[in-house]
Structures are given as structure tokens and as C-alpha cells.
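Trainee: Here you go, one structure.
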Amino acid sequence: MREKIKISDNFTIRKMILFSLPCIGMQLVNNTYQVVDGYFISNVLGEEVFAAENMIFPALAFLLSIGLVIGAGGNAVISALLGERKEHEANETLSLLTLFLFLSGLIISVLSFIFMKDISGLVGANGAMIPYCTLYGRILACFMPVQIMNYAFQEFLIAADEGGRGFAVTVVNAITNIVLDFLFVGILGFGLAGAAVATGSAWCVSFLVALLYFIKPSNKLHFVALKINTDRVLGALGNGSSEMVNAASYAIVAIIFNRRLISLLSSRGVAAYAVTAYVSGVFVAVFIGFGIAIIPVVGYRYGEKNYKAVRKLRKDGLIIAAVAGTVMTAIAWIFSVEIANFFVGYNENLKNMAVFAIKICALAYVLTGINMFSSSFFTGISDGLSSAIIAFSRSFVMPIIAVYAVPFLFGNNNIWFTSLSAETVTGIIVIILFAIGNRTLRVR
């Protein structure tokens, strides 16, 4: 049996890839929720319900993002404590952050359920779509505490050297979602409510198995008696700020993009954008998984003050990200027609627009990988500010500027170049931040 790779190992490019595969797999499987829901909703329930689900989902993702914030930021904090050989403090931090997530999840769940109709209006849903958005959102609101903790647990499993366990959990999770979508939507005809219940049930599967690991005292990371330490919570929140920026940016940009597409290319443009979002979501999941896996590795070496190893991890990570992005661009171009057919093959004009959009958006993948890895690297060395700057640029500031500037300068049909424009400017910012980091962080 191959020896388990640990965050304390000396990492080569090959070992970085192998170590990150379970986490990448988890992210890919997690991404199946909306994709599977979207497929069944589009092909069984029709275009209007499909549009409604895609209108409300960004807002739901933002509401769940506290789990990603604490997961990423807490992962770096816990890994650094392990690197300093402070195992008991790492377990105390795990326990404290879990309680914080549970209480936060309850509050978010109740408020979301109460105000979901208002949220539906805020995201731009029209009169006919609001009931669909409200129904889908309220059902998932009931499962929010579970998924918020689940997001963090999946990242904490990486720090516990249990990435393989996390991947296995999410595979079962995905299968649950697919089977229940097929049963509830395709066979029993439960419609949009069935799709939402299927997704929420899948969240529960992943959560319960991860919870069983952390309650076992013999495991590397496990729950212990609580010790209130607000500095640890604030540290996790601050260090995971880039994930909050990503989530908020995703929601705001998606809403703005949908509104712009309606005004420039009608509802057909919104549907085409949904397809490109599914494609990008799958590919970006690879970069997210790689970044999450590398955060504790970088954090461990940084905690050891082994700056030579940190320097090597940065170089090798950038190489991996660039190569992966190139491969993804090629895949998107080659299979663009098949992808469009899968989601919107019932409408020829919509399919053609989706094919064009997929190809143009794919041109940004190389820079996306580099920029996202760079953000994760800065999180790993506890430089939350630089990480947040990168995330804020690539997922918020530049997309909003570009979504207005590109159509104005080059025509409405070129709105799909928004992502490439945003990632290019962010790449320049990354170069500047690395140059500053070389002098001030001793990672040179």
C-alpha cells in the first residue's frame, strides 16, 4: 500500500498533485449539485424554472460562504499549530470553530427562510420567477447549518491528512444527489422542490460522515473540551477573508451579469451564461481543490520558518496551475458543442450562443489557475490581505468594470471576454504582490 502523503512531507510537483487529488475530487463532486439540478430542471421543467434556479443560487452560495471562510482560514491556523507541534491547541481550535459555525448557521438559516422572497427580488427575478426562487431557496435554507459546517469539515480533513476520506464522502454525497434528483424530479415529478430536497439530503450525507471522524478521540484532529479564544476565531475569519470576497463577488457579479445580459442579449443570454457558469464551475473546482490542499502544506512550512521550502512550493504550484489551465482551455474548445447540447440542446439558437460563450470564456482558464493558486499561497503564509486583494480583483472589481466596458468598447456579443479581461489585470497585480512579498515576507 502506498504511504499516505502528509503535510509535513517534502513536496515535489508529483507529490503536490497526488496530495491535492482527493481535495480536487471533493470540489468536483461538490460542484455536481447545481450542475445535476440544472440538467434535470432545464430538461424536465423548462427554461423559466431553469432561469429561476440560476438566479437564486448565487445568493444561496453567498449565505453559505461562512463555512468556506472558516474552513480555509481555520485550516491555515490549525495547520500552523500542528507545524509548531501544538496538537492540543489545534484540537481546541477545531472545536471552537465548529461551535461558531453551528451557531452562525442557525441564524443564517432562519433569516434566509424568512426573507427568501425579498432575496429573490434583489437578485433580479421577475414576477413569474419569484415563486420558483422562493421555493427553491427556502427548502435549501433548512439545510444551511449542515452545509456550512460541511464546507469547513472538508477542509479540516485535509489538515488531518484525511483527504482521501473527504473525497470518498463527497462521492457518496454526489451519488445521493444524482439518484434523488432522478427519483424526485425525473420519476416522481416533485419538480423544483424535489431538486432542492435532493441537494439538501446530499449535503447531510457528507456532513454526517465527516462528523463521525472528528468525534473519535483517537484521530489526529478531534473534538475536545471547548476553550473560548476569540483571537482564534478572528484569526480564522481574517485569514479566510479571500474566500468571503470570492463568495460575495460571485453573487454580486452573477446578479449584475444576469441583468446586463437581459438588457443586451435578452433572456437567451442569461441561459447561455448559466451554461458557461456550469463549465467554468467544474474547471474552477480543480483550482479551488488544489489551492485548498496546498494551504496547509504552505502553512506548515511557514510555521516551521522553512522559507526555502515555501519558495519551492510557490514555484511548483504556479507551474501546475499554468499547465492545468492550458489543458482545460483545450477541453472546453473541443467539447463545447457537446456541453451546450447537454444543457440546452432543445433550442438551436440558444445552443449556438452557448457554444460561442464557452469558447471565449475558456481563454481565461490559464490565468484563472495562476491567480487562484496565488491567492491560496498568500492564505497559507497567513497574508490574508494579499490573498483578499487578488480575490477581490479577479472576482469582483475587474469583472464589474469589464462587464460594462467590454460591450461598450467592442460590441454586445463580446461581453463574453469579460473573464479574460479581469484575469489579465489580476495577473499583473499578482506579479506586484509577489515582488513585494519577496522583500517583506522573507520568501525569496
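Chain labels A, B, ... are given in the sequence in which chains occur in the C-alpha cells; within each chain residues are numbered consecutively from 1, and ligands are likewise numbered from 1 in the order shown.
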So that I can check the surroundings of Asn347 in chain A, please list as a ChimeraX atom specification every protein, DNA and RNA residue that reaches within 12 Å of it, counting only C-alpha atoms and ignoring chain neighbours fewer than 5 positions away.
Mentor: /A:42-43,46-47,268,271-272,340-342,352-354
Trainee: Would you output that residue set with N, CA, C and O atoms, as an mmCIF file, in the first residue's frame?
Mentor:
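Written file, selection-v1.cif:
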```cif
data_model
loop_
_atom_site.group_PDB
_atom_site.id
_atom_site.type_symbol
_atom_site.label_atom_id
_atom_site.label_comp_id
_atom_site.auth_asym_id
_atom_site.auth_seq_id
_atom_site.Cartn_x
_atom_site.Cartn_y
_atom_site.Cartn_z
ATOM 1 N N SER A 42 -33.618 22.024 -16.286
ATOM 2 C CA SER A 42 -33.699 22.545 -17.650
ATOM 3 C C SER A 42 -34.427 21.595 -18.585
ATOM 4 O O SER A 42 -35.309 22.006 -19.336
ATOM 5 N N ASN A 43 -34.076 20.314 -18.515
ATOM 6 C CA ASN A 43 -34.610 19.358 -19.485
ATOM 7 C C ASN A 43 -35.974 18.782 -19.101
ATOM 8 O O ASN A 43 -36.683 18.275 -19.964
ATOM 9 N N GLY A 46 -38.180 22.942 -17.781
ATOM 10 C CA GLY A 46 -38.253 24.011 -18.760
ATOM 11 C C GLY A 46 -37.372 25.210 -18.460
ATOM 12 O O GLY A 46 -36.783 25.353 -17.389
ATOM 13 N N GLU A 47 -37.324 26.117 -19.424
ATOM 14 C CA GLU A 47 -36.392 27.244 -19.412
ATOM 15 C C GLU A 47 -36.659 28.232 -18.282
ATOM 16 O O GLU A 47 -35.726 28.739 -17.654
ATOM 17 N N ARG A 268 -32.191 34.844 -23.415
ATOM 18 C CA ARG A 268 -31.347 33.821 -24.026
ATOM 19 C C ARG A 268 -29.892 33.974 -23.582
ATOM 20 O O ARG A 268 -29.174 32.993 -23.378
ATOM 21 N N ALA A 271 -29.492 32.411 -20.153
ATOM 22 C CA ALA A 271 -29.415 30.954 -20.230
ATOM 23 C C ALA A 271 -28.041 30.499 -20.709
ATOM 24 O O ALA A 271 -27.470 29.533 -20.193
ATOM 25 N N ALA A 272 -27.493 31.197 -21.712
ATOM 26 C CA ALA A 272 -26.155 30.856 -22.206
ATOM 27 C C ALA A 272 -25.109 31.073 -21.117
ATOM 28 O O ALA A 272 -24.169 30.287 -20.955
ATOM 29 N N ALA A 340 -22.917 22.223 -24.689
ATOM 30 C CA ALA A 340 -24.114 23.030 -24.923
ATOM 31 C C ALA A 340 -25.333 22.147 -25.187
ATOM 32 O O ALA A 340 -26.440 22.431 -24.713
ATOM 33 N N ASN A 341 -25.144 21.088 -25.954
ATOM 34 C CA ASN A 341 -26.240 20.160 -26.230
ATOM 35 C C ASN A 341 -26.793 19.531 -24.957
ATOM 36 O O ASN A 341 -28.003 19.307 -24.828
ATOM 37 N N PHE A 342 -25.906 19.235 -24.020
ATOM 38 C CA PHE A 342 -26.291 18.570 -22.780
ATOM 39 C C PHE A 342 -27.306 19.405 -22.005
ATOM 40 O O PHE A 342 -28.274 18.875 -21.451
ATOM 41 N N ASN A 352 -26.198 27.534 -30.016
ATOM 42 C CA ASN A 352 -25.106 28.194 -30.748
ATOM 43 C C ASN A 352 -24.493 29.338 -29.931
ATOM 44 O O ASN A 352 -23.267 29.526 -29.929
ATOM 45 N N MET A 353 -25.332 30.102 -29.250
ATOM 46 C CA MET A 353 -24.812 31.170 -28.410
ATOM 47 C C MET A 353 -23.981 30.598 -27.268
ATOM 48 O O MET A 353 -22.917 31.136 -26.917
ATOM 49 N N ALA A 354 -24.431 29.493 -26.685
ATOM 50 C CA ALA A 354 -23.707 28.870 -25.585
ATOM 51 C C ALA A 354 -22.353 28.343 -26.038
ATOM 52 O O ALA A 354 -21.350 28.461 -25.316
#
```
Trainee: Name the residues in contact with Val146 in chain A at a cut-off of 12 Å, using only C-alpha atoms, excluding same-chain residues fewer than 5 positions from it; report them as an MDAnalysis selection string.
Mentor: chainID A and resid 64 67 98 101:106 108:109 140:141 151:153 199:211
Trainee: Distance table requested - range 218-302 of chain A against range 10-23 of chain A, cut-off 6 Å, only C-alpha atoms: one row per qualifying residue with the closest atom pair and its distance in Å to one decimal, ordered by chain and rising residue number, as JSON lines.
Mentor:
```
{"residue": "A:Gly289", "atom": "CA", "partner": "A:Cys23", "partner_atom": "CA", "distance": 4.9}
{"residue": "A:Phe290", "atom": "CA", "partner": "A:Ser20", "partner_atom": "CA", "distance": 5.3}
{"residue": "A:Ala293", "atom": "CA", "partner": "A:Ser20", "partner_atom": "CA", "distance": 5.1}
```
Trainee: With a cut-off of 12 Å, could you pull out the residues of range 16-84 of chain A touching range 363-379 of chain A and give me the nearest pair of atoms for each, distance in Å to one decimal, using only C-alpha atoms, ordered by chain and ascending number, as JSON lines?
Mentor:
```
{"residue": "A:Val69", "atom": "CA", "partner": "A:Thr379", "partner_atom": "CA", "distance": 11.1}
{"residue": "A:Gly71", "atom": "CA", "partner": "A:Thr379", "partner_atom": "CA", "distance": 11.7}
{"residue": "A:Ala72", "atom": "CA", "partner": "A:Thr379", "partner_atom": "CA", "distance": 8.0}
{"residue": "A:Gly73", "atom": "CA", "partner": "A:Thr379", "partner_atom": "CA", "distance": 7.4}
{"residue": "A:Gly74", "atom": "CA", "partner": "A:Thr379", "partner_atom": "CA", "distance": 10.5}
{"residue": "A:Asn75", "atom": "CA", "partner": "A:Thr379", "partner_atom": "CA", "distance": 9.8}
{"residue": "A:Ala76", "atom": "CA", "partner": "A:Thr379", "partner_atom": "CA", "distance": 7.2}
{"residue": "A:Val77", "atom": "CA", "partner": "A:Thr379", "partner_atom": "CA", "distance": 9.9}
{"residue": "A:Ser79", "atom": "CA", "partner": "A:Thr379", "partner_atom": "CA", "distance": 11.8}
{"residue": "A:Ala80", "atom": "CA", "partner": "A:Thr379", "partner_atom": "CA", "distance": 11.6}
```
Trainee: So, counting only C-alpha atoms, which residue among A:Tyr307, A:Phe156, A:Tyr300, A:Phe343 is closest to Phe214 in chain A?
Mentor: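 Comparing A:Tyr307, A:Phe156, A:Tyr300, A:Phe343 against Phe214 in chain A, the winner is A:Phe156.
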Trainee: Here is a test: counting only C-alpha atoms, which residue of A:Arg138, A:Lys220, A:Lys359, A:His88 is nearest to Lys6 in chain A?
Mentor: A:Lys220
Trainee: Applying 12 Å and only C-alpha atoms, which residues near Ile78 in chain A remain after dropping the ones on its own chain fewer than 2 positions away? List them as a ChimeraX atom specification.
Mentor: /A:7,70-76,80-97,155-160,220-222,232-233,235-236,239,295-297,299-300,303,380,382
Trainee: Selected residues, N, CA and C atoms, written as a CSV table (one decimal), in the first residue's frame, please.
Mentor:
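again-v4.csv, written as the output of this step:
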```csv
chain,number,residue,atom,x,y,z
A,7,ILE,N,1.2,16.5,5.3
A,7,ILE,CA,1.6,17.9,5.1
A,7,ILE,C,3.0,18.2,5.5
A,70,ILE,N,-14.3,30.1,7.3
A,70,ILE,CA,-13.8,29.4,8.4
A,70,ILE,C,-13.0,28.2,8.1
A,71,GLY,N,-13.4,27.5,7.0
A,71,GLY,CA,-12.7,26.3,6.6
A,71,GLY,C,-11.3,26.6,6.1
A,72,ALA,N,-11.2,27.6,5.2
A,72,ALA,CA,-9.9,28.0,4.6
A,72,ALA,C,-9.0,28.7,5.7
A,73,GLY,N,-9.6,29.7,6.4
A,73,GLY,CA,-8.8,30.4,7.4
A,73,GLY,C,-8.5,29.5,8.6
A,74,GLY,N,-9.4,28.7,9.0
A,74,GLY,CA,-9.2,27.8,10.1
A,74,GLY,C,-8.2,26.7,9.8
A,75,ASN,N,-8.2,26.3,8.5
A,75,ASN,CA,-7.3,25.3,8.0
A,75,ASN,C,-5.9,25.7,8.2
A,76,ALA,N,-5.6,27.0,7.8
A,76,ALA,CA,-4.3,27.5,7.9
A,76,ALA,C,-3.8,27.7,9.3
A,80,ALA,N,-0.8,25.5,11.0
A,80,ALA,CA,0.3,26.2,11.6
A,80,ALA,C,0.6,25.7,13.0
A,81,LEU,N,-0.5,25.5,13.8
A,81,LEU,CA,-0.4,24.9,15.1
A,81,LEU,C,0.2,23.5,15.1
A,82,LEU,N,-0.2,22.7,14.1
A,82,LEU,CA,0.4,21.4,14.0
A,82,LEU,C,1.9,21.5,13.7
A,83,GLY,N,2.2,22.4,12.8
A,83,GLY,CA,3.6,22.6,12.4
A,83,GLY,C,4.4,23.0,13.6
A,84,GLU,N,3.8,23.7,14.6
A,84,GLU,CA,4.5,24.2,15.8
A,84,GLU,C,4.5,23.1,16.9
A,85,ARG,N,3.9,21.9,16.5
A,85,ARG,CA,3.8,20.8,17.5
A,85,ARG,C,2.8,21.1,18.6
A,86,LYS,N,1.8,21.9,18.4
A,86,LYS,CA,0.8,22.3,19.4
A,86,LYS,C,-0.5,21.6,19.0
A,87,GLU,N,-0.5,20.2,19.2
A,87,GLU,CA,-1.6,19.4,18.7
A,87,GLU,C,-2.9,19.7,19.6
A,88,HIS,N,-2.8,19.9,20.9
A,88,HIS,CA,-4.0,20.1,21.7
A,88,HIS,C,-4.6,21.4,21.3
A,89,GLU,N,-3.8,22.4,21.1
A,89,GLU,CA,-4.3,23.7,20.7
A,89,GLU,C,-5.0,23.7,19.4
A,90,ALA,N,-4.5,22.8,18.5
A,90,ALA,CA,-5.2,22.6,17.2
A,90,ALA,C,-6.5,22.0,17.3
A,91,ASN,N,-6.7,21.0,18.3
A,91,ASN,CA,-8.0,20.4,18.5
A,91,ASN,C,-8.9,21.4,19.2
A,92,GLU,N,-8.4,22.2,20.1
A,92,GLU,CA,-9.3,23.2,20.7
A,92,GLU,C,-9.8,24.2,19.7
A,93,THR,N,-8.9,24.5,18.7
A,93,THR,CA,-9.4,25.5,17.7
A,93,THR,C,-10.4,24.8,16.8
A,94,LEU,N,-10.2,23.5,16.4
A,94,LEU,CA,-11.2,22.8,15.7
A,94,LEU,C,-12.6,22.8,16.4
A,95,SER,N,-12.6,22.6,17.7
A,95,SER,CA,-13.9,22.5,18.4
A,95,SER,C,-14.5,23.9,18.5
A,96,LEU,N,-13.7,24.9,18.7
A,96,LEU,CA,-14.3,26.2,18.8
A,96,LEU,C,-14.9,26.7,17.5
A,97,LEU,N,-14.2,26.5,16.4
A,97,LEU,CA,-14.6,26.9,15.1
A,97,LEU,C,-15.9,26.2,14.7
A,155,GLU,N,-12.4,20.9,4.6
A,155,GLU,CA,-11.1,21.5,4.6
A,155,GLU,C,-10.3,21.0,5.8
A,156,PHE,N,-10.9,20.9,7.0
A,156,PHE,CA,-10.3,20.4,8.2
A,156,PHE,C,-9.7,19.0,8.0
A,157,LEU,N,-10.4,18.2,7.2
A,157,LEU,CA,-9.9,16.8,6.9
A,157,LEU,C,-8.6,16.8,6.2
A,158,ILE,N,-8.3,17.9,5.4
A,158,ILE,CA,-7.0,18.0,4.7
A,158,ILE,C,-5.9,18.2,5.8
A,159,ALA,N,-6.2,19.1,6.7
A,159,ALA,CA,-5.2,19.3,7.8
A,159,ALA,C,-4.9,18.1,8.6
A,160,ALA,N,-6.0,17.2,8.7
A,160,ALA,CA,-5.8,15.9,9.4
A,160,ALA,C,-5.2,14.8,8.6
A,220,LYS,N,-6.3,12.1,14.5
A,220,LYS,CA,-5.3,13.2,14.6
A,220,LYS,C,-6.0,14.5,15.0
A,221,LEU,N,-7.1,14.9,14.4
A,221,LEU,CA,-7.9,16.0,14.7
A,221,LEU,C,-9.2,15.5,15.3
A,222,HIS,N,-9.6,16.0,16.5
A,222,HIS,CA,-10.8,15.6,17.1
A,222,HIS,C,-11.3,16.6,18.0
A,232,ARG,N,-8.6,33.3,18.0
A,232,ARG,CA,-8.5,32.2,17.0
A,232,ARG,C,-9.7,32.3,16.0
A,233,VAL,N,-10.9,32.7,16.5
A,233,VAL,CA,-12.0,32.8,15.6
A,233,VAL,C,-11.7,34.0,14.7
A,235,GLY,N,-8.9,35.3,13.9
A,235,GLY,CA,-7.8,34.9,13.0
A,235,GLY,C,-8.2,34.1,11.8
A,236,ALA,N,-9.1,33.1,12.1
A,236,ALA,CA,-9.7,32.3,11.0
A,236,ALA,C,-10.5,33.1,10.0
A,239,ASN,N,-8.0,35.4,8.1
A,239,ASN,CA,-7.2,34.7,7.1
A,239,ASN,C,-8.0,34.0,6.0
A,295,ILE,N,-2.8,25.0,0.9
A,295,ILE,CA,-2.8,25.9,2.0
A,295,ILE,C,-2.2,25.3,3.3
A,296,PRO,N,-2.6,24.1,3.7
A,296,PRO,CA,-2.0,23.6,5.0
A,296,PRO,C,-0.5,23.2,4.7
A,297,VAL,N,-0.2,22.8,3.5
A,297,VAL,CA,1.2,22.5,3.2
A,297,VAL,C,2.1,23.7,3.4
A,299,GLY,N,1.3,26.4,4.9
A,299,GLY,CA,1.1,26.9,6.3
A,299,GLY,C,2.1,26.1,7.3
A,300,TYR,N,2.2,24.8,7.0
A,300,TYR,CA,3.1,24.0,7.9
A,300,TYR,C,4.5,24.4,7.7
A,303,GLY,N,5.0,27.8,9.3
A,303,GLY,CA,5.1,27.7,10.7
A,303,GLY,C,6.4,27.2,11.2
A,380,GLY,N,-1.9,30.6,2.8
A,380,GLY,CA,-1.1,29.7,3.5
A,380,GLY,C,0.0,30.3,4.4
A,382,SER,N,-0.4,33.1,5.8
A,382,SER,CA,-1.1,34.0,6.7
A,382,SER,C,-1.1,35.5,6.3
```
Trainee: What is the distance, in Å and to one decimal place, between CA of Val172 in chain A and CA of Gly325 in chain A?
Mentor: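 Calculated distance between CA of Val172 in chain A and CA of Gly325 in chain A is 27.7 Å.
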Trainee: Closest to Glu304 in chain A among A:Val282, A:Leu183, A:Asn258, A:Ser8, using only C-alpha atoms?
Mentor: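 Closest candidate: A:Ser8.
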Trainee: Skip Val253 in chain A itself and residues of its chain fewer than 5 positions away, then list as a ChimeraX atom specification all residues within 7 Å of it, counting only C-alpha atoms.
Mentor: /A:396,399-400
Trainee: Output all heavy atoms for every residue in the selection just made, as a JSON list (two decimals), in the first residue's frame.
Mentor:
```
[["chain", "number", "residue", "atom", "x", "y", "z"],
["A", 396, "PHE", "N", -14.37, 40.40, -8.46],
["A", 396, "PHE", "CA", -15.33, 41.46, -8.16],
["A", 396, "PHE", "C", -15.04, 42.74, -8.95],
["A", 396, "PHE", "O", -15.80, 43.10, -9.85],
["A", 396, "PHE", "CB", -15.33, 41.77, -6.65],
["A", 396, "PHE", "CG", -16.39, 42.74, -6.25],
["A", 396, "PHE", "CD1", -17.71, 42.34, -6.18],
["A", 396, "PHE", "CD2", -16.07, 44.05, -5.94],
["A", 396, "PHE", "CE1", -18.70, 43.23, -5.81],
["A", 396, "PHE", "CE2", -17.06, 44.95, -5.57],
["A", 396, "PHE", "CZ", -18.37, 44.55, -5.51],
["A", 399, "PRO", "N", -14.29, 42.15, -12.96],
["A", 399, "PRO", "CA", -15.45, 41.69, -13.72],
["A", 399, "PRO", "C", -16.54, 42.74, -13.86],
["A", 399, "PRO", "O", -17.16, 42.87, -14.92],
["A", 399, "PRO", "CB", -15.94, 40.47, -12.92],
["A", 399, "PRO", "CG", -14.73, 39.98, -12.23],
["A", 399, "PRO", "CD", -13.95, 41.21, -11.88],
["A", 400, "ILE", "N", -16.79, 43.51, -12.79],
["A", 400, "ILE", "CA", -17.84, 44.53, -12.86],
["A", 400, "ILE", "C", -17.44, 45.64, -13.84],
["A", 400, "ILE", "O", -18.27, 46.11, -14.64],
["A", 400, "ILE", "CB", -18.12, 45.11, -11.46],
["A", 400, "ILE", "CG1", -18.81, 44.05, -10.60],
["A", 400, "ILE", "CG2", -19.00, 46.36, -11.55],
["A", 400, "ILE", "CD1", -19.08, 44.50, -9.18]]
```
Trainee: What is the CA of Phe143 in chain A to CA of Ser65 in chain A distance in Å?
Mentor: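 Going from CA of Phe143 in chain A over to CA of Ser65 in chain A, I get 13.8 Å.
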Trainee: Counting only C-alpha atoms, figure out which residue out of A:Ile148, A:Thr424, A:Gly238, A:Phe356 gets nearest to Val337 in chain A.
Mentor: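 Among the listed residues, A:Phe356 lies closest to Val337 in chain A.
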Trainee: Report the distance between CA of Gly127 in chain A and CA of Tyr278 in chain A in Å, rounded to one decimal place.
Mentor: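 These atoms are spaced 25.2 Å apart.
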Trainee: Identify, on the basis of only C-alpha atoms, every residue whose closest approach to Ile139 in chain A does not exceed 9 Å; exclude the query and any residue fewer than 2 positions from it along the same chain; express the result as a PyMOL selection string.
Mentor: chain A and resi 113+134-137+141-143+193+196-197+200
Trainee: Go ahead and dump the residues you just picked, all heavy atoms, as a compact mmCIF listing (two decimals), in the first residue's frame.
Mentor:
```txt
# COMPACT_ATOMS: atom_id res chain seq x y z
N PHE A 113 -34.75 31.89 5.47
CA PHE A 113 -36.09 31.36 5.24
C PHE A 113 -37.12 32.48 5.28
O PHE A 113 -38.02 32.56 4.42
CB PHE A 113 -36.42 30.29 6.29
CG PHE A 113 -37.68 29.53 6.00
CD1 PHE A 113 -37.63 28.35 5.29
CD2 PHE A 113 -38.91 30.00 6.43
CE1 PHE A 113 -38.80 27.64 5.01
CE2 PHE A 113 -40.08 29.31 6.16
CZ PHE A 113 -40.02 28.13 5.45
N THR A 134 -38.19 31.50 -4.53
CA THR A 134 -38.52 31.43 -3.10
C THR A 134 -38.64 29.99 -2.63
O THR A 134 -38.13 29.62 -1.56
CB THR A 134 -39.83 32.19 -2.83
OG1 THR A 134 -39.70 33.54 -3.28
CG2 THR A 134 -40.16 32.18 -1.34
N LEU A 135 -39.31 29.17 -3.41
CA LEU A 135 -39.49 27.76 -3.04
C LEU A 135 -38.14 27.05 -2.95
O LEU A 135 -37.84 26.39 -1.93
CB LEU A 135 -40.37 27.07 -4.08
CG LEU A 135 -40.53 25.56 -3.93
CD1 LEU A 135 -41.24 25.22 -2.63
CD2 LEU A 135 -41.28 24.97 -5.13
N TYR A 136 -37.33 27.17 -3.97
CA TYR A 136 -36.03 26.50 -4.01
C TYR A 136 -35.15 27.00 -2.86
O TYR A 136 -34.51 26.22 -2.14
CB TYR A 136 -35.36 26.77 -5.35
CG TYR A 136 -34.10 25.99 -5.61
CD1 TYR A 136 -34.15 24.66 -6.01
CD2 TYR A 136 -32.85 26.58 -5.47
CE1 TYR A 136 -33.00 23.94 -6.28
CE2 TYR A 136 -31.69 25.87 -5.73
CZ TYR A 136 -31.76 24.56 -6.13
OH TYR A 136 -30.61 23.85 -6.38
N GLY A 137 -35.12 28.32 -2.66
CA GLY A 137 -34.26 28.90 -1.63
C GLY A 137 -34.69 28.53 -0.23
O GLY A 137 -33.85 28.25 0.63
N ALA A 141 -32.58 26.56 2.58
CA ALA A 141 -32.29 27.28 3.82
C ALA A 141 -32.40 26.36 5.03
O ALA A 141 -31.66 26.52 6.01
CB ALA A 141 -33.24 28.47 3.97
N CYS A 142 -33.30 25.40 4.97
CA CYS A 142 -33.47 24.45 6.08
C CYS A 142 -32.23 23.58 6.28
O CYS A 142 -32.00 23.07 7.39
CB CYS A 142 -34.68 23.56 5.82
SG CYS A 142 -36.26 24.45 5.73
N PHE A 143 -31.43 23.41 5.23
CA PHE A 143 -30.24 22.57 5.32
C PHE A 143 -28.95 23.38 5.50
O PHE A 143 -27.87 22.81 5.56
CB PHE A 143 -30.10 21.74 4.03
CG PHE A 143 -31.21 20.74 3.82
CD1 PHE A 143 -32.33 21.07 3.07
CD2 PHE A 143 -31.14 19.47 4.36
CE1 PHE A 143 -33.35 20.15 2.85
CE2 PHE A 143 -32.15 18.54 4.16
CZ PHE A 143 -33.26 18.88 3.40
N ALA A 193 -39.12 21.57 -6.01
CA ALA A 193 -38.99 21.19 -4.60
C ALA A 193 -38.21 19.89 -4.47
O ALA A 193 -37.37 19.73 -3.57
CB ALA A 193 -40.37 21.04 -3.97
N ALA A 196 -34.49 20.57 -4.84
CA ALA A 196 -33.92 21.19 -3.64
C ALA A 196 -33.74 20.17 -2.51
O ALA A 196 -32.71 20.15 -1.83
CB ALA A 196 -34.82 22.33 -3.18
N VAL A 197 -34.73 19.31 -2.31
CA VAL A 197 -34.62 18.29 -1.26
C VAL A 197 -33.50 17.31 -1.58
O VAL A 197 -32.77 16.86 -0.68
CB VAL A 197 -35.97 17.55 -1.09
CG1 VAL A 197 -35.81 16.35 -0.17
CG2 VAL A 197 -37.02 18.49 -0.54
N GLY A 200 -30.26 19.07 -0.59
CA GLY A 200 -30.12 19.15 0.86
C GLY A 200 -29.81 17.80 1.49
O GLY A 200 -29.01 17.70 2.42
```
Trainee: When distances are computed from only C-alpha atoms, which of A:Val224, A:Trp333, A:Val35, A:Asn219 shows the smallest separation from Asp181 in chain A?
Mentor: A:Val35
Trainee: When distances are computed from only C-alpha atoms, which of A:Gln27, A:Phe190, A:Lys312, A:Ala405 shows the smallest separation from Gly281 in chain A?
Mentor: A:Gln27
